[in-house]
Protein chains: 2
Amino acid sequence: MQPAPHVHTVRIEPLKAACTSCNLRELCLPVGMSDHQLDQLEQMVSVRRTVARGEALFRTGDTFNSLYAVRTGFFKTCVTSEDGRDQVTGFQMAGELLGLDGIGTELHTCDAVALEDSNVCVIPFHQLEELSREFSDLQRQLHRVMSREIVREHGVMLLLGSMRAEERLAAFLLNLTQRLRARGFSATELVLRMTREEIGSYLGLKLETVSRAFSKLQDDGALEVKQRQIKLLDPAALQALVDGSAC
Amino acid sequence: MQPAPHVHTVRIEPLKAACTSCNLRELCLPVGMSDHQLDQLEQMVSVRRTVARGEALFRTGDTFNSLYAVRTGFFKTCVTSEDGRDQVTGFQMAGELLGLDGIGTELHTCDAVALEDSNVCVIPFHQLEELSREFSDLQRQLHRVMSREIVREHGVMLLLGSMRAEERLAAFLLNLTQRLRARGFSATELVLRMTREEIGSYLGLKLETVSRAFSKLQDDGALEVKQRQIKLLDPAALQALVDGSAC
DNA sequence: CGCGAGCTTGATGCCGATCAATGCATGTGG
DNA sequence: CCACATGCATTGATCGGCATCAAGCTCGCG
């Protein structure tokens, strides 16, 4: 857990390479920074943590110390109400940030669970704040990331509040493929990392309904579904669903 | 619309008084600050804007320059999808912040509409960023506000994803009264500033369903409903609904 | 006074939840 | 290697909650 001395023997190149295609690269890459600042940045994110599939990176109630940037793997975040109602609030892939929920109260307010063996950069938050006071580009990037998370959640609220099952699934799949494409993966083929139940929780549906929606989209020729292997045959049709032209 | 010179003739004292009970007071009140810093802060938030009932403070697509702190009045924010689907994403009262959605893209991504004649503090964002680099308490408070907004939205997602109509309404009313109480108002009586349709949009329900839910809660003795005048007769029962004990 | 926006209430139908059975892939132990 | 268990997915049948359609109702206001 602690940044042990030997960490400094880790070659830096692989890290930089990974960050090149990272949403958060401006949090950890030299954008017009002095050597001194660069040193500080690299030190700050030099701690890694691996999380086995099914394990939690943090849980509701854990004290908040750090943000986490996903290096490899896949996570879900979920909130749980008093009575045990459970809601997946998001899925995070490489280059995305976890832990913003904890800043407000110094306690995490959701669980972050790895859906496959994963590896994250640990970003001690008070160090990040300190550095972002010195370096305005870093500050701006942090604010952007938080703002975009707020906007993303607005989109989910729209989805949960006004879309029907197939529309929700279409929106979900398009969002996933778009994010995968930004990372150099196919825009039309993907392997789901989560179960139907987790998709359902995220979309406000039961797993049976998710399954039926998959089948329906497949029957309509928009998808090819083989368990968790999905092929988008007609992305435009999916987009039309989301845009409501199919009313 | 423009901050005209005469704005500076506005007396400062009323502002301080208003901010005392303000959620955001640490953004604009002297918390161990030097006189110099204090001057800067006061200057930064010295511009006001009034927004008449039904008018927009900003709209989707407007360029983002400032955050806005509600001084008096009441707002709703709503996002609109391509096809005209509409979703109220929040209601803001005195002391709450508007505009965080615009930081990420430099464009506002939702509409902020006044539900009654309102008055806001204009907080130029780049000035706020600058000042928050100098003053860590300010920085921390800004981060907290953004994080809490993220957490709030998690709660709304839980509501939209897994609660039934009456539970949603109960959660909504309890949330409203809690925020009103924090501002010195009654914890049991309130006057709704929004229509049934706007409540419905926020809760992912149609206005008829909202109306029926009000009637049901009234029949059950939990509420007294007279148009927009609401009295909570049995807050515990409402809380029990939200907590799911009524399954 | 009468208009209109917003609210309530009723009747009906549909979408998705629920209950239940089956299918399919992976893994484990005999 | 097969038998069986287990977890996940699919599909069908039925049910219920909310949407929809359709009347009235209330209240504020010109």
# chains A, B, ... in the order shown; residues from 1 in each chain; ligands from 1
$ calpha_fit_rmsd --fixed "chain A" --moving "chain B"
0.7 Å
$ closest_atom_pairs --of "chain A" --to "chain B" --cutoff "7 Å" --atoms "only C-alpha atoms" --output "CSV"
residue,atom,partner,partner_atom,distance
A:Glu82,CA,B:Asp243,CA,5.9
A:Asp83,CA,B:Asp243,CA,5.5
A:Gln87,CA,B:Leu158,CA,5.5
A:Thr89,CA,B:His154,CA,6.4
A:Leu100,CA,B:Ser147,CA,6.0
A:Asp101,CA,B:Ser147,CA,5.5
A:Ile103,CA,B:Ser147,CA,5.7
A:Gly104,CA,B:Arg144,CA,4.1
A:Arg133,CA,B:Arg133,CA,4.2
A:Glu134,CA,B:Arg133,CA,6.8
A:His143,CA,B:Ile103,CA,6.9
A:Arg144,CA,B:Gly104,CA,4.1
A:Val145,CA,B:Gly104,CA,6.7
A:Met146,CA,B:Met146,CA,6.9
A:Ser147,CA,B:Gly104,CA,5.1
A:Arg148,CA,B:Gly104,CA,5.3
A:Ile150,CA,B:Ile150,CA,5.8
A:Val151,CA,B:Asp101,CA,5.7
A:Glu153,CA,B:Glu153,CA,6.6
A:His154,CA,B:Thr89,CA,6.4
A:Met157,CA,B:Met157,CA,6.3
A:Leu158,CA,B:Gln87,CA,5.5
A:Leu160,CA,B:Leu160,CA,6.0
A:Gly161,CA,B:Gly204,CA,4.0
A:Ser162,CA,B:Gly204,CA,6.4
A:Leu203,CA,B:Gly161,CA,6.9
A:Gly204,CA,B:Gly161,CA,4.0
A:Asp243,CA,B:Asp83,CA,5.5
A:Gly244,CA,B:Asp83,CA,5.9
$ residues_around --residues "DT12 (chain C)" --least-positions-apart "4" --cutoff "12 Å" --atoms "only C-alpha atoms (C1' of nucleotides)" --output "number ranges by chain"
D: 19-22
$ residues_around --residues "DT9 (chain C)" --least-positions-apart "6" --cutoff "12 Å" --atoms "only C-alpha atoms (C1' of nucleotides)" --output "list of chain:residue names"
B:Glu208, B:Thr209, B:Ser211, B:Arg212, B:Ser215, B:Lys216, D:DA22, D:DA23, D:DG24, D:DC25
$ write_last_selection --atoms "N, CA and C atoms (P, O5', C5', C4', C3', O3' and C1' of nucleotides)" --output "short mmCIF file (atom, residue, chain, number, x, y, z; two decimals), in the first residue's frame"
data_model
loop_
_atom_site.label_atom_id
_atom_site.label_comp_id
_atom_site.auth_asym_id
_atom_site.auth_seq_id
_atom_site.Cartn_x
_atom_site.Cartn_y
_atom_site.Cartn_z
N GLU B 208 -50.18 12.88 -13.52
CA GLU B 208 -51.34 12.21 -12.91
C GLU B 208 -50.90 11.27 -11.79
N THR B 209 -49.79 10.59 -12.03
CA THR B 209 -49.29 9.67 -11.02
C THR B 209 -48.83 10.43 -9.77
N SER B 211 -50.05 13.24 -8.76
CA SER B 211 -51.27 13.68 -8.10
C SER B 211 -51.89 12.53 -7.29
N ARG B 212 -51.94 11.37 -7.92
CA ARG B 212 -52.49 10.20 -7.22
C ARG B 212 -51.66 9.85 -5.99
N SER B 215 -52.56 12.12 -3.25
CA SER B 215 -53.86 11.75 -2.68
C SER B 215 -53.75 10.52 -1.79
N LYS B 216 -52.99 9.56 -2.26
CA LYS B 216 -52.82 8.33 -1.48
C LYS B 216 -52.15 8.62 -0.13
P DA D 22 -59.21 10.21 -25.74
"O5'" DA D 22 -60.15 10.59 -24.50
"C5'" DA D 22 -60.72 9.56 -23.70
"C4'" DA D 22 -61.46 10.17 -22.54
"C3'" DA D 22 -62.05 11.56 -22.80
"O3'" DA D 22 -63.37 11.61 -22.29
"C1'" DA D 22 -60.78 11.58 -20.83
P DA D 23 -64.46 12.57 -23.03
"O5'" DA D 23 -64.76 13.80 -22.10
"C5'" DA D 23 -64.08 13.94 -20.90
"C4'" DA D 23 -64.91 13.51 -19.72
"C3'" DA D 23 -65.73 14.67 -19.18
"O3'" DA D 23 -66.89 14.19 -18.52
"C1'" DA D 23 -63.80 14.23 -17.79
P DG D 24 -67.91 15.28 -17.96
"O5'" DG D 24 -67.10 15.70 -16.66
"C5'" DG D 24 -67.53 16.74 -15.87
"C4'" DG D 24 -66.71 16.67 -14.59
"C3'" DG D 24 -66.82 17.96 -13.78
"O3'" DG D 24 -66.94 17.62 -12.42
"C1'" DG D 24 -64.56 17.53 -14.32
P DC D 25 -67.61 18.65 -11.46
"O5'" DC D 25 -66.35 19.20 -10.66
"C5'" DC D 25 -65.40 18.30 -10.13
"C4'" DC D 25 -64.18 19.08 -9.69
"C3'" DC D 25 -64.52 20.46 -9.13
"O3'" DC D 25 -64.08 20.53 -7.79
"C1'" DC D 25 -62.72 20.54 -10.69
#
$ interface_residues --of "chain C" --to "chain A" --cutoff "9 Å" --atoms "only C-alpha atoms (C1' of nucleotides)" --output "NGL selection string"
:C and (15-17)
$ residues_around --residues "region 71-76 of chain A" --least-positions-apart "2" --cutoff "6 Å" --atoms "only C-alpha atoms (C1' of nucleotides)" --output "ChimeraX atom specification"
/A:90-94,112-120
$ closest_atom_pairs --of "chain D" --to "chain B" --cutoff "9 Å" --atoms "only C-alpha atoms (C1' of nucleotides)" --output "CSV"
residue,atom,partner,partner_atom,distance
D:DG17,C1',B:Arg164,CA,8.5
D:DC18,C1',B:Thr209,CA,7.1
D:DA19,C1',B:Lys206,CA,7.3
D:DT26,C1',B:Gln227,CA,8.9
$ atom_distance --atom1 "CA of Leu128 (chain B)" --atom2 "CA of Glu26 (chain A)"
20.6 Å
$ select_by_dssp --residues "region 150-247 of chain B" --states "strand (DSSP E)" --output "list in words"
Glu189, Leu190, Val191, Leu223, Glu224, Val225, Lys226, Gln229, Ile230, Lys231 and Leu232 of chain B
